[in-house]
file model-v3.csv (CSV, C-alpha atoms and all ligand atoms)
chain,number,residue,atom,x,y,z
A,1,MET,CA,112.5,46.2,153.7
A,2,ASN,CA,112.0,45.0,157.3
A,3,VAL,CA,109.6,42.0,157.2
A,4,ASN,CA,108.6,39.2,159.5
A,5,GLN,CA,105.9,36.5,159.5
A,6,GLU,CA,103.4,38.8,161.1
A,7,THR,CA,103.8,41.7,158.6
A,8,ILE,CA,103.9,39.4,155.6
A,9,ARG,CA,100.8,37.5,156.7
A,10,ALA,CA,99.0,40.8,157.3
A,11,ALA,CA,100.0,42.1,153.8
A,12,LEU,CA,98.9,38.9,152.1
A,13,ARG,CA,95.8,38.5,154.2
A,14,THR,CA,96.3,34.8,155.0
A,15,GLU,CA,94.5,33.1,157.8
A,16,ALA,CA,95.4,30.1,160.0
A,17,HIS,CA,92.1,28.4,159.4
A,18,VAL,CA,89.4,28.9,156.8
A,19,ASP,CA,85.9,27.6,156.5
A,20,PRO,CA,85.8,26.1,153.0
A,21,ALA,CA,82.0,26.7,152.4
A,22,PHE,CA,82.3,30.3,153.6
A,23,GLU,CA,85.4,30.9,151.4
A,24,ILE,CA,83.6,29.4,148.3
A,25,LYS,CA,80.5,31.5,148.9
A,26,ARG,CA,82.3,34.8,149.6
A,27,ARG,CA,84.6,34.5,146.6
A,28,ILE,CA,81.6,33.6,144.3
A,29,ASP,CA,79.7,36.6,145.7
A,30,PHE,CA,82.7,38.8,145.1
A,31,LEU,CA,82.8,37.7,141.4
A,32,LYS,CA,79.1,38.3,141.0
A,33,ALA,CA,79.1,41.7,142.7
A,34,TYR,CA,82.2,42.9,140.7
A,35,VAL,CA,81.1,41.8,137.3
A,36,THR,CA,77.7,43.4,137.8
A,37,LYS,CA,79.2,46.7,139.1
A,38,ALA,CA,81.7,46.8,136.2
A,39,ARG,CA,78.9,46.1,133.7
A,40,ALA,CA,81.0,43.4,132.2
A,41,LYS,CA,79.6,40.3,130.5
A,42,GLY,CA,81.6,37.6,132.3
A,43,PHE,CA,85.0,36.2,132.8
A,44,VAL,CA,88.0,34.8,130.9
A,45,LEU,CA,90.5,32.3,132.4
A,46,GLY,CA,93.2,30.0,131.0
A,47,ILE,CA,92.6,26.4,132.2
A,48,SER,CA,95.9,24.5,132.4
A,49,GLY,CA,94.9,21.3,134.1
A,50,GLY,CA,96.5,22.5,137.4
A,51,GLN,CA,95.0,23.1,140.8
A,52,ASP,CA,94.7,26.8,140.8
A,53,SER,CA,92.9,27.3,137.4
A,54,THR,CA,90.6,24.4,138.2
A,55,LEU,CA,89.5,26.2,141.4
A,56,ALA,CA,89.3,29.7,139.9
A,57,GLY,CA,87.5,28.4,136.8
A,58,LYS,CA,84.9,26.5,138.9
A,59,LEU,CA,84.2,29.6,141.1
A,60,ALA,CA,83.9,31.7,137.9
A,61,GLN,CA,81.4,29.3,136.3
A,62,MET,CA,79.4,29.0,139.5
A,63,ALA,CA,79.3,32.8,139.7
A,64,VAL,CA,78.0,33.4,136.2
A,65,SER,CA,75.5,30.4,136.5
A,66,GLN,CA,74.1,31.9,139.7
A,67,LEU,CA,73.9,35.4,138.2
A,68,ASN,CA,72.1,34.1,135.1
A,69,GLU,CA,69.6,32.2,137.3
A,70,ASP,CA,69.1,35.3,139.6
A,71,THR,CA,68.8,37.9,136.9
A,72,GLY,CA,67.8,36.1,133.7
A,73,ASP,CA,70.8,37.7,132.0
A,74,HIS,CA,73.4,36.1,129.9
A,75,TYR,CA,76.8,36.3,131.7
A,76,THR,CA,79.4,34.0,130.3
A,77,PHE,CA,82.5,32.2,131.5
A,78,HIS,CA,85.1,31.7,128.8
A,79,ALA,CA,87.6,29.0,129.6
A,80,VAL,CA,90.7,29.0,127.4
A,81,ARG,CA,93.1,26.3,126.6
A,82,LEU,CA,96.5,27.8,125.9
A,83,PRO,CA,98.9,24.9,125.1
A,84,TYR,CA,102.4,25.5,123.7
A,85,GLY,CA,102.3,22.8,121.0
A,86,ILE,CA,101.0,19.6,122.5
A,87,GLN,CA,100.7,19.7,126.3
A,88,GLN,CA,101.9,16.6,128.1
A,89,ASP,CA,99.1,16.7,130.7
A,90,GLU,CA,96.4,17.6,128.3
A,91,ALA,CA,94.2,14.8,129.9
A,92,ASP,CA,94.3,16.8,133.2
A,93,ALA,CA,93.2,20.0,131.3
A,94,GLN,CA,90.3,18.0,129.8
A,95,ALA,CA,89.4,16.7,133.2
A,96,ALA,CA,89.3,20.2,134.6
A,97,LEU,CA,87.1,21.4,131.8
A,98,ALA,CA,84.7,18.4,132.4
A,99,PHE,CA,84.5,19.4,136.1
A,100,ILE,CA,84.0,23.1,135.4
A,101,GLN,CA,81.6,22.7,132.5
A,102,PRO,CA,82.4,26.2,131.1
A,103,ASP,CA,79.8,28.1,129.0
A,104,ARG,CA,82.4,28.7,126.3
A,105,LEU,CA,85.7,27.1,125.4
A,106,HIS,CA,88.4,28.6,123.2
A,107,THR,CA,91.7,26.9,122.3
A,108,VAL,CA,94.6,29.0,121.2
A,109,ASN,CA,97.9,27.3,120.6
A,110,ILE,CA,100.5,29.8,121.6
A,111,LYS,CA,103.4,28.0,119.9
A,112,ALA,CA,103.5,30.0,116.7
A,113,ALA,CA,103.3,33.4,118.4
A,114,VAL,CA,105.9,32.5,121.0
A,115,ASP,CA,108.3,31.0,118.5
A,116,ALA,CA,107.9,34.1,116.2
A,117,SER,CA,108.6,36.4,119.1
A,118,VAL,CA,111.7,34.4,120.2
A,119,HIS,CA,112.9,34.3,116.6
A,120,ALA,CA,112.5,38.1,116.2
A,121,PHE,CA,114.4,38.6,119.5
A,122,GLU,CA,117.2,36.4,118.5
A,123,THR,CA,117.5,38.0,115.0
A,124,ALA,CA,117.7,41.4,116.6
A,125,THR,CA,120.1,40.6,119.4
A,126,LYS,CA,122.1,37.9,117.5
A,127,SER,CA,121.9,35.9,120.8
A,128,THR,CA,119.9,33.1,122.2
A,129,LEU,CA,116.9,33.7,124.6
A,130,SER,CA,117.3,31.2,127.4
A,131,SER,CA,114.7,28.5,128.0
A,132,PHE,CA,113.9,30.2,131.4
A,133,LEU,CA,113.2,33.6,129.7
A,134,LYS,CA,111.3,31.9,126.9
A,135,GLY,CA,109.1,30.5,129.7
A,136,ASN,CA,108.2,34.0,130.7
A,137,THR,CA,107.3,34.8,127.1
A,138,LYS,CA,104.9,31.9,127.1
A,139,ALA,CA,103.2,33.3,130.2
A,140,ARG,CA,103.0,36.8,128.7
A,141,GLU,CA,101.6,35.4,125.4
A,142,ARG,CA,98.9,33.6,127.5
A,143,MET,CA,98.1,36.8,129.2
A,144,LYS,CA,97.8,38.6,125.8
A,145,VAL,CA,95.4,36.0,124.4
A,146,GLN,CA,93.2,36.3,127.6
A,147,PHE,CA,93.1,40.1,127.4
A,148,ASP,CA,92.2,39.9,123.7
A,149,LEU,CA,89.3,37.5,124.4
A,150,ALA,CA,88.1,39.6,127.4
A,151,ALA,CA,88.1,42.8,125.3
A,152,HIS,CA,86.4,41.1,122.4
A,153,TYR,CA,83.6,39.6,124.5
A,154,GLY,CA,83.3,42.5,127.0
A,155,CYS,CA,84.6,40.3,129.9
A,156,LEU,CA,87.2,40.5,132.7
A,157,VAL,CA,90.4,38.5,133.0
A,158,LEU,CA,90.7,36.3,136.1
A,159,GLY,CA,94.1,35.5,137.7
A,160,THR,CA,95.0,32.6,140.0
A,161,ASP,CA,97.4,34.4,142.4
A,162,HIS,CA,97.1,33.1,146.0
A,163,GLY,CA,99.1,33.4,149.2
A,164,ALA,CA,101.7,30.8,148.3
A,165,GLU,CA,102.4,32.3,144.9
A,166,ALA,CA,102.3,35.9,146.1
A,167,ILE,CA,104.8,35.4,149.0
A,168,THR,CA,107.4,33.8,146.6
A,169,GLY,CA,106.6,36.1,143.7
A,170,PHE,CA,106.3,32.9,141.7
A,171,PHE,CA,104.6,34.2,138.7
A,172,THR,CA,105.7,36.1,135.6
A,173,LYS,CA,105.4,39.9,136.0
A,174,PHE,CA,102.8,41.1,133.5
A,175,GLY,CA,102.3,37.5,132.5
A,176,ASP,CA,100.1,35.2,134.6
A,177,GLY,CA,100.5,37.9,137.3
A,178,ALA,CA,98.4,40.3,135.1
A,179,CYS,CA,94.7,40.1,135.6
A,180,ASP,CA,91.6,42.1,136.4
A,181,LEU,CA,90.5,40.1,139.5
A,182,ALA,CA,92.3,37.6,141.6
A,183,PRO,CA,89.5,35.4,143.3
A,184,LEU,CA,92.0,33.1,145.1
A,185,TYR,CA,93.9,35.9,146.8
A,186,GLY,CA,94.6,35.2,150.5
A,187,LEU,CA,94.3,31.4,150.3
A,188,THR,CA,97.3,29.1,150.9
A,189,LYS,CA,97.9,26.2,148.5
A,190,ARG,CA,96.5,23.6,150.9
A,191,GLN,CA,93.4,25.8,151.6
A,192,GLY,CA,92.8,25.9,147.8
A,193,ARG,CA,93.1,22.1,147.7
A,194,THR,CA,90.4,21.8,150.4
A,195,LEU,CA,88.1,24.1,148.5
A,196,LEU,CA,88.4,21.8,145.5
A,197,GLN,CA,87.8,18.8,147.6
A,198,VAL,CA,84.6,20.3,149.0
A,199,LEU,CA,83.5,21.2,145.4
A,200,ASP,CA,83.9,17.5,144.5
A,201,ALA,CA,86.7,18.0,142.0
A,202,PRO,CA,88.5,15.0,140.6
A,203,GLU,CA,91.1,14.0,143.1
A,204,ARG,CA,93.9,14.0,140.5
A,205,LEU,CA,93.5,17.7,140.0
A,206,TYR,CA,94.2,18.7,143.6
A,207,THR,CA,96.8,16.0,144.4
A,208,LYS,CA,99.0,16.5,141.3
A,209,VAL,CA,102.4,18.1,141.6
A,210,PRO,CA,102.1,21.8,141.0
A,211,THR,CA,104.1,23.0,138.0
A,212,ALA,CA,104.5,26.2,136.0
A,213,ASP,CA,105.5,24.0,133.1
A,214,LEU,CA,107.2,26.8,131.2
A,215,GLU,CA,110.7,25.6,130.3
A,216,ASP,CA,111.3,23.7,127.1
A,217,ASP,CA,114.3,21.9,128.6
A,218,ARG,CA,112.7,21.1,132.0
A,219,PRO,CA,109.1,20.0,131.1
A,220,GLY,CA,106.8,19.7,134.1
A,221,LEU,CA,109.4,21.1,136.5
A,222,PRO,CA,107.8,20.9,140.0
A,223,ASP,CA,107.4,24.4,141.5
A,224,GLU,CA,108.9,23.0,144.7
A,225,GLU,CA,112.1,22.2,142.9
A,226,ALA,CA,112.3,25.6,141.3
A,227,LEU,CA,111.5,27.3,144.6
A,228,HIS,CA,113.9,25.1,146.8
A,229,MET,CA,111.1,24.8,149.4
A,230,THR,CA,107.9,22.9,149.7
A,231,TYR,CA,104.3,24.2,149.6
A,232,GLU,CA,103.8,22.6,153.0
A,233,GLN,CA,106.6,24.9,154.4
A,234,ILE,CA,105.3,27.9,152.6
A,235,ASP,CA,101.7,27.2,153.8
A,236,ASP,CA,102.8,26.6,157.3
A,237,TYR,CA,104.5,30.1,157.3
A,238,LEU,CA,101.5,31.7,155.8
A,239,GLU,CA,99.2,30.1,158.3
A,240,GLY,CA,101.3,31.4,161.2
A,241,LYS,CA,102.9,28.1,162.1
A,242,GLU,CA,106.6,27.6,163.0
A,243,VAL,CA,108.9,26.6,160.2
A,244,PRO,CA,112.7,25.8,160.3
A,245,ASP,CA,114.8,28.9,160.6
A,246,SER,CA,116.5,28.3,157.3
A,247,ILE,CA,113.1,28.2,155.5
A,248,ARG,CA,111.9,31.3,157.3
A,249,LYS,CA,115.0,33.1,156.2
A,250,ARG,CA,114.6,31.9,152.6
A,251,ILE,CA,110.9,32.9,152.5
A,252,GLU,CA,111.6,36.3,153.8
A,253,LYS,CA,114.6,36.9,151.5
A,254,THR,CA,112.4,35.7,148.5
A,255,TYR,CA,109.5,37.9,149.6
A,256,THR,CA,111.7,41.0,149.8
A,257,ALA,CA,113.5,40.4,146.5
A,258,THR,CA,110.1,40.0,144.7
A,259,GLU,CA,108.3,43.0,146.3
A,260,HIS,CA,108.5,44.8,143.0
A,261,LYS,CA,106.2,42.1,141.5
A,262,ARG,CA,103.5,42.8,144.1
A,263,GLN,CA,103.6,46.6,143.6
A,264,GLY,CA,102.6,48.7,140.6
A,265,PRO,CA,105.3,50.3,138.4
A,266,VAL,CA,107.7,52.2,140.7
A,267,THR,CA,107.2,56.0,140.7
A,268,ILE,CA,108.9,58.9,142.4
A,269,TYR,CA,106.3,58.8,145.1
A,270,ASP,CA,107.1,55.2,146.1
A,271,THR,CA,109.3,54.5,149.1
A,272,TRP,CA,108.8,50.7,149.7
A,273,TRP,CA,112.2,50.0,148.0
A,274,VAL,CA,114.3,52.5,150.0
B,1,LIG,N1,114.1,45.4,141.9
B,1,LIG,C1,113.3,45.5,140.8
B,1,LIG,N2,112.4,46.5,140.7
B,1,LIG,C2,111.6,46.6,139.7
B,1,LIG,N3,111.6,45.7,138.7
B,1,LIG,C3,112.4,44.7,138.7
B,1,LIG,C4,113.3,44.5,139.8
B,1,LIG,N4,114.0,43.4,139.6
B,1,LIG,C5,113.6,42.8,138.5
B,1,LIG,N5,112.6,43.6,137.9
B,1,LIG,C6,111.9,43.4,136.7
B,1,LIG,O1,111.2,42.1,136.8
B,1,LIG,C7,111.7,41.2,135.8
B,1,LIG,C8,111.7,39.8,136.3
B,1,LIG,O2,110.5,39.3,136.7
B,1,LIG,P1,109.8,38.2,135.8
B,1,LIG,O3,109.8,38.7,134.4
B,1,LIG,O4,108.5,37.9,136.4
B,1,LIG,O5,110.8,37.0,135.9
B,1,LIG,P2,111.4,36.1,137.1
B,1,LIG,O6,110.8,36.5,138.4
B,1,LIG,O7,112.8,36.1,136.9
B,1,LIG,O8,110.8,34.7,136.7
B,1,LIG,C9,109.5,34.3,136.8
B,1,LIG,C10,109.4,33.2,137.8
B,1,LIG,O9,108.0,32.9,138.1
B,1,LIG,C11,107.8,31.5,137.8
B,1,LIG,N6,106.5,31.3,137.2
B,1,LIG,C12,106.1,32.1,136.1
B,1,LIG,C13,104.9,31.9,135.6
B,1,LIG,C14,104.0,31.0,136.1
B,1,LIG,C15,104.4,30.3,137.2
B,1,LIG,C16,103.5,29.3,137.8
B,1,LIG,O10,103.6,28.9,139.0
B,1,LIG,O11,102.6,28.9,137.0
B,1,LIG,C17,105.6,30.5,137.8
B,1,LIG,C18,108.9,31.1,136.8
B,1,LIG,O12,109.1,29.7,136.7
B,1,LIG,C19,110.1,31.9,137.3
B,1,LIG,O13,110.7,31.2,138.3
B,1,LIG,C20,113.0,41.8,135.3
B,1,LIG,O14,113.3,41.4,134.0
B,1,LIG,C21,112.8,43.3,135.4
B,1,LIG,O15,112.1,43.8,134.3
B,2,LIG,N1,98.7,25.4,129.2
B,2,LIG,C1,97.9,26.4,129.8
B,2,LIG,N2,96.7,26.5,129.3
B,2,LIG,C2,95.9,27.5,129.8
B,2,LIG,N3,96.2,28.3,130.8
B,2,LIG,C3,97.4,28.1,131.3
B,2,LIG,C4,98.3,27.2,130.9
B,2,LIG,N4,99.5,27.3,131.6
B,2,LIG,C5,99.2,28.2,132.5
B,2,LIG,N5,98.0,28.8,132.4
B,2,LIG,C6,97.4,29.8,133.2
B,2,LIG,O1,98.4,30.4,134.0
B,2,LIG,C7,98.1,30.3,135.4
B,2,LIG,C8,99.3,30.1,136.2
B,2,LIG,O2,99.8,28.8,136.2
B,2,LIG,P1,100.0,27.9,137.5
B,2,LIG,O3,100.8,26.8,137.2
B,2,LIG,O4,100.4,28.8,138.6
B,2,LIG,O5,98.5,27.4,137.9
B,2,LIG,P2,97.8,26.0,137.7
B,2,LIG,O6,98.5,25.3,136.6
B,2,LIG,O7,96.3,26.3,137.5
B,2,LIG,O8,98.0,25.3,139.1
B,2,LIG,P3,99.4,24.6,139.7
B,2,LIG,O9,100.1,25.8,140.3
B,2,LIG,O10,98.9,23.7,140.8
B,2,LIG,O11,100.1,24.0,138.6
B,2,LIG,C9,97.1,29.1,135.4
B,2,LIG,O12,96.3,29.1,136.5
B,2,LIG,C10,96.3,29.3,134.1
B,2,LIG,O13,95.3,30.3,134.2
B,3,MG,MG,100.5,24.8,136.6
call {"tool": "encode", "arguments": {"input": "model-v3.csv", "output": "structure tokens", "more": "lines below"}}
Ligand SMILES: Nc1ncnc2c1ncn2[C@@H]1O[C@H](COP(=O)(O)OP(=O)(O)OC[C@H]2O[C@@H]([n+]3cccc(C(=O)O)c3)[C@H](O)[C@@H]2O)[C@@H](O)[C@H]1O
Ligand SMILES: Nc1ncnc2c1ncn2[C@@H]1O[C@H](COP(=O)(O)OP(=O)(O)OP(=O)(O)O)[C@@H](O)[C@H]1O
Ligand SMILES: [Mg+2]
result
Amino acid sequence: MNVNQETIRAALRTEAHVDPAFEIKRRIDFLKAYVTKARAKGFVLGISGGQDSTLAGKLAQMAVSQLNEDTGDHYTFHAVRLPYGIQQDEADAQAALAFIQPDRLHTVNIKAAVDASVHAFETATKSTLSSFLKGNTKARERMKVQFDLAAHYGCLVLGTDHGAEAITGFFTKFGDGACDLAPLYGLTKRQGRTLLQVLDAPERLYTKVPTADLEDDRPGLPDEEALHMTYEQIDDYLEGKEVPDSIRKRIEKTYTATEHKRQGPVTIYDTWWV
């Protein structure tokens, strides 16, 4: 794959500057138009206590509230807490819920399901599933619960993919990467932060250190440590600014290596990988 800053930015639809009020409105309007057209009854999204799900959850709740006011119908936003056992930053998740004020809240502890899955794997293979790979199992279990809820309530699953995650492929394939609609697509991490500021979110939720928090032996591992680059650097690249050459190379190498995660399953008709 031959890529550069221009082609990647065009593919991921990132902009140098965004108007927060415009972005909030157009993303809410998108959610309202799509749920109506799909004849679905609302949305489902896991709320972790992190920046991205706080923003996507707020937009989803605003969309269904506006639709209900406009139409007199009963669209519903289902927020889902999906801890693995006890979550160390549970207080942040509760703060996010207090900010979003979701119509419905479900809590599904994924620990029993994940542990059973890992146990079955280890019994079958007579080997240990690494803490890293178990992390991906947690993300896929969360995906499964959200799709169960969506099917049960006739709703659509939201995802939190945005420019800075898409460019690094920093999501679990068919885990948190799997969703029906991705309302944050095209935003950089700092643009998402600005949207939350404009929406009057608690400051803690957009200033806290982003973490996937998936690995048992590295709890709360900052994304920036896992990625070996900072969101400031990734956002600068996505917004068309200059970044150090070593970072540009790392970003483009990571982007190329993760292209399979931004594509559908590869078929005989695909040529992007050649
Ligand atoms: N060239 C290729 N063409 C087609 N498919 C290819 C492939 N190379 C690997 N694959 C497939 O992809 C799989 C690897 O992808 P995947 O399973 O996603 O695993 P992988 O990319 O190795 O790991 C996921 C990464 O995303 C991070 N993450 C996950 C979830 C949430 C967040 C967050 O920020 O909250 C971050 C996580 O910390 C980790 O660094 C392989 O096992 C294989 O099945
Ligand atoms: N413990 C959890 N409970 C509910 N949902 C979760 C949990 N962990 C992850 N998720 C879901 O997986 C998504 C991906 O996680 P990710 O860490 O990228 O986003 P975030 O936690 O919302 O924000 P940040 O990237 O700033 O930490 C979340 O947006 C959320 O929808
Ligand atoms: Mg997180």
call {"tool": "residues_around", "arguments": {"input": "model-v3.csv", "residues": "stretch 52-67 of chain A", "least_positions_apart": "2", "cutoff": "7 Å", "atoms": "all atoms listed in the file", "output": "ChimeraX atom specification"}}
result
/A:28,31-32,42-43,45-50,69-71,75-77,96,100,102,160,183-184,196
call {"tool": "residues_near_ligand", "arguments": {"input": "model-v3.csv", "ligand": "ligand LIG 1 (chain B)", "cutoff": "7 Å", "atoms": "only C-alpha atoms and all ligand atoms", "output": "PyMOL selection string"}}
result
chain A and resi 136+139+165+169-173+175-176+211-214+223+226+257+260-261+266
call {"tool": "closest_residue", "arguments": {"input": "model-v3.csv", "among": "A:Leu82, A:Val18, A:Leu12, A:Ala166", "to": "A:Thr254", "atoms": "only C-alpha atoms"}}
result
A:Ala166
call {"tool": "closest_residue", "arguments": {"input": "model-v3.csv", "among": "A:Ser131, A:Thr168, A:Gln101, A:Asn4", "to": "ligand LIG 2 (chain B)", "atoms": "all atoms listed in the file"}}
result
A:Thr168
call {"tool": "atom_distance", "arguments": {"input": "model-v3.csv", "atom1": "atom CA of A:Ala151", "atom2": "atom CA of A:Thr36"}}
result
16.3 Å
call {"tool": "closest_residue", "arguments": {"input": "model-v3.csv", "among": "A:Leu129, A:Val243, A:Ala201, A:Ile86", "to": "ligand LIG 2 (chain B)", "atoms": "all atoms listed in the file"}}
result
A:Ile86
call {"tool": "residues_around", "arguments": {"input": "model-v3.csv", "residues": "A:Val114", "least_positions_apart": "3", "cutoff": "9 Å", "atoms": "only C-alpha atoms", "output": "list in words"}}
result
Tyr84, Ile110, Lys111, Ser117, Val118, His119, Lys134, Thr137, Lys138 and Glu141 of chain A
call {"tool": "residues_around", "arguments": {"input": "model-v3.csv", "residues": "A:Ala11", "least_positions_apart": "6", "cutoff": "10 Å", "atoms": "only C-alpha atoms", "output": "short mmCIF file (atom, residue, chain, number, x, y, z; two decimals) with C-alpha atoms, in the frame of the given file"}}
result
data_model
loop_
_atom_site.label_atom_id
_atom_site.label_comp_id
_atom_site.auth_asym_id
_atom_site.auth_seq_id
_atom_site.Cartn_x
_atom_site.Cartn_y
_atom_site.Cartn_z
CA GLN A 5 105.90 36.50 159.50
CA GLY A 163 99.10 33.40 149.20
CA ILE A 167 104.80 35.40 149.00
CA GLY A 186 94.60 35.20 150.50
#
call {"tool": "closest_residue", "arguments": {"input": "model-v3.csv", "among": "A:Gln51, A:Gln94, A:Thr107, A:Gln197", "to": "ligand LIG 2 (chain B)", "atoms": "only C-alpha atoms and all ligand atoms"}}
result
A:Gln51
call {"tool": "atom_distance", "arguments": {"input": "model-v3.csv", "atom1": "atom CA of A:Arg193", "atom2": "atom CA of A:Gln146"}}
result
24.6 Å
call {"tool": "closest_residue", "arguments": {"input": "model-v3.csv", "among": "A:Pro210, A:Gly154, A:Gly72, A:Pro202", "to": "ligand LIG 2 (chain B)", "atoms": "only C-alpha atoms and all ligand atoms"}}
result
A:Pro210
call {"tool": "axis_aligned_box", "arguments": {"input": "model-v3.csv", "around": "stretch 177-184 of chain A", "padding_each_side": "8 Å", "output": "AutoDock Vina command-line options"}}
result
--center_x 95.0 --center_y 37.6 --center_z 140.1 --size_x 27.0 --size_y 25.0 --size_z 26.0
call {"tool": "residues_near_point", "arguments": {"input": "model-v3.csv", "point": "(102.9, 41.8, 156.7)", "cutoff": "12 Å", "atoms": "only C-alpha atoms", "output": "number ranges by chain"}}
result
A: 1-14, 163, 167, 237-238, 240, 252, 255-256, 259
call {"tool": "atom_distance", "arguments": {"input": "model-v3.csv", "atom1": "atom CA of A:Lys189", "atom2": "atom CA of A:His162"}}
result
7.4 Å
call {"tool": "residues_around", "arguments": {"input": "model-v3.csv", "residues": "A:Leu158", "least_positions_apart": "5", "cutoff": "6 Å", "atoms": "all atoms listed in the file", "output": "NGL selection string"}}
result
:A and (45 or 179-182)
call {"tool": "write_last_selection", "arguments": {"input": "model-v3.csv", "atoms": "C-alpha atoms", "output": "PDB file, in the frame of the given file"}}
result
ATOM      1  CA  LEU A  45      90.500  32.300 132.400  1.00  0.00           C
ATOM      2  CA  CYS A 179      94.700  40.100 135.600  1.00  0.00           C
ATOM      3  CA  ASP A 180      91.600  42.100 136.400  1.00  0.00           C
ATOM      4  CA  LEU A 181      90.500  40.100 139.500  1.00  0.00           C
ATOM      5  CA  ALA A 182      92.300  37.600 141.600  1.00  0.00           C
TER       6      ALA A 182
END
call {"tool": "closest_residue", "arguments": {"input": "model-v3.csv", "among": "A:His106, A:Arg218, A:Arg81, A:Lys208", "to": "A:Gly135", "atoms": "all atoms listed in the file"}}
result
A:Arg218
call {"tool": "build_atoms", "arguments": {"input": "model-v3.csv", "residues": "stretch 115-133 of chain A", "atoms": "N, CA and C atoms", "output": "PDB file, in the frame of the given file"}}
result
ATOM      1  N   ASP A 115     107.122  31.316 119.279  1.00  0.00           N
ATOM      2  CA  ASP A 115     108.300  31.000 118.500  1.00  0.00           C
ATOM      3  C   ASP A 115     108.657  32.226 117.576  1.00  0.00           C
ATOM      4  N   ALA A 116     107.634  32.904 117.039  1.00  0.00           N
ATOM      5  CA  ALA A 116     107.900  34.100 116.200  1.00  0.00           C
ATOM      6  C   ALA A 116     108.547  35.184 117.036  1.00  0.00           C
ATOM      7  N   SER A 117     108.058  35.326 118.258  1.00  0.00           N
ATOM      8  CA  SER A 117     108.600  36.400 119.100  1.00  0.00           C
ATOM      9  C   SER A 117     110.053  36.072 119.502  1.00  0.00           C
ATOM     10  N   VAL A 118     110.334  34.811 119.815  1.00  0.00           N
ATOM     11  CA  VAL A 118     111.700  34.400 120.200  1.00  0.00           C
ATOM     12  C   VAL A 118     112.618  34.589 118.952  1.00  0.00           C
ATOM     13  N   HIS A 119     112.127  34.223 117.781  1.00  0.00           N
ATOM     14  CA  HIS A 119     112.900  34.300 116.600  1.00  0.00           C
ATOM     15  C   HIS A 119     113.262  35.816 116.294  1.00  0.00           C
ATOM     16  N   ALA A 120     112.280  36.690 116.445  1.00  0.00           N
ATOM     17  CA  ALA A 120     112.500  38.100 116.200  1.00  0.00           C
ATOM     18  C   ALA A 120     113.536  38.658 117.225  1.00  0.00           C
ATOM     19  N   PHE A 121     113.400  38.212 118.471  1.00  0.00           N
ATOM     20  CA  PHE A 121     114.400  38.600 119.500  1.00  0.00           C
ATOM     21  C   PHE A 121     115.768  38.192 119.157  1.00  0.00           C
ATOM     22  N   GLU A 122     115.892  36.934 118.734  1.00  0.00           N
ATOM     23  CA  GLU A 122     117.200  36.400 118.500  1.00  0.00           C
ATOM     24  C   GLU A 122     117.847  36.967 117.226  1.00  0.00           C
ATOM     25  N   THR A 123     117.008  37.309 116.238  1.00  0.00           N
ATOM     26  CA  THR A 123     117.500  38.000 115.000  1.00  0.00           C
ATOM     27  C   THR A 123     118.043  39.352 115.391  1.00  0.00           C
ATOM     28  N   ALA A 124     117.288  40.056 116.232  1.00  0.00           N
ATOM     29  CA  ALA A 124     117.700  41.400 116.600  1.00  0.00           C
ATOM     30  C   ALA A 124     118.930  41.465 117.449  1.00  0.00           C
ATOM     31  N   THR A 125     119.020  40.546 118.407  1.00  0.00           N
ATOM     32  CA  THR A 125     120.100  40.600 119.400  1.00  0.00           C
ATOM     33  C   THR A 125     121.312  39.724 118.970  1.00  0.00           C
ATOM     34  N   LYS A 126     121.085  38.873 117.967  1.00  0.00           N
ATOM     35  CA  LYS A 126     122.100  37.900 117.500  1.00  0.00           C
ATOM     36  C   LYS A 126     122.570  37.047 118.733  1.00  0.00           C
ATOM     37  N   SER A 127     121.620  36.764 119.625  1.00  0.00           N
ATOM     38  CA  SER A 127     121.900  35.900 120.800  1.00  0.00           C
ATOM     39  C   SER A 127     120.718  35.017 121.070  1.00  0.00           C
ATOM     40  N   THR A 128     120.922  34.051 121.946  1.00  0.00           N
ATOM     41  CA  THR A 128     119.900  33.100 122.200  1.00  0.00           C
ATOM     42  C   THR A 128     119.066  33.517 123.474  1.00  0.00           C
ATOM     43  N   LEU A 129     117.748  33.438 123.388  1.00  0.00           N
ATOM     44  CA  LEU A 129     116.900  33.700 124.600  1.00  0.00           C
ATOM     45  C   LEU A 129     116.885  32.389 125.372  1.00  0.00           C
ATOM     46  N   SER A 130     117.212  32.453 126.642  1.00  0.00           N
ATOM     47  CA  SER A 130     117.300  31.200 127.400  1.00  0.00           C
ATOM     48  C   SER A 130     115.930  30.546 127.554  1.00  0.00           C
ATOM     49  N   SER A 131     115.964  29.257 127.854  1.00  0.00           N
ATOM     50  CA  SER A 131     114.700  28.500 128.000  1.00  0.00           C
ATOM     51  C   SER A 131     113.899  29.090 129.173  1.00  0.00           C
ATOM     52  N   PHE A 132     114.572  29.575 130.210  1.00  0.00           N
ATOM     53  CA  PHE A 132     113.900  30.200 131.400  1.00  0.00           C
ATOM     54  C   PHE A 132     113.141  31.463 130.904  1.00  0.00           C
ATOM     55  N   LEU A 133     113.837  32.317 130.132  1.00  0.00           N
ATOM     56  CA  LEU A 133     113.200  33.600 129.700  1.00  0.00           C
ATOM     57  C   LEU A 133     112.105  33.309 128.656  1.00  0.00           C
TER      58      LEU A 133
END
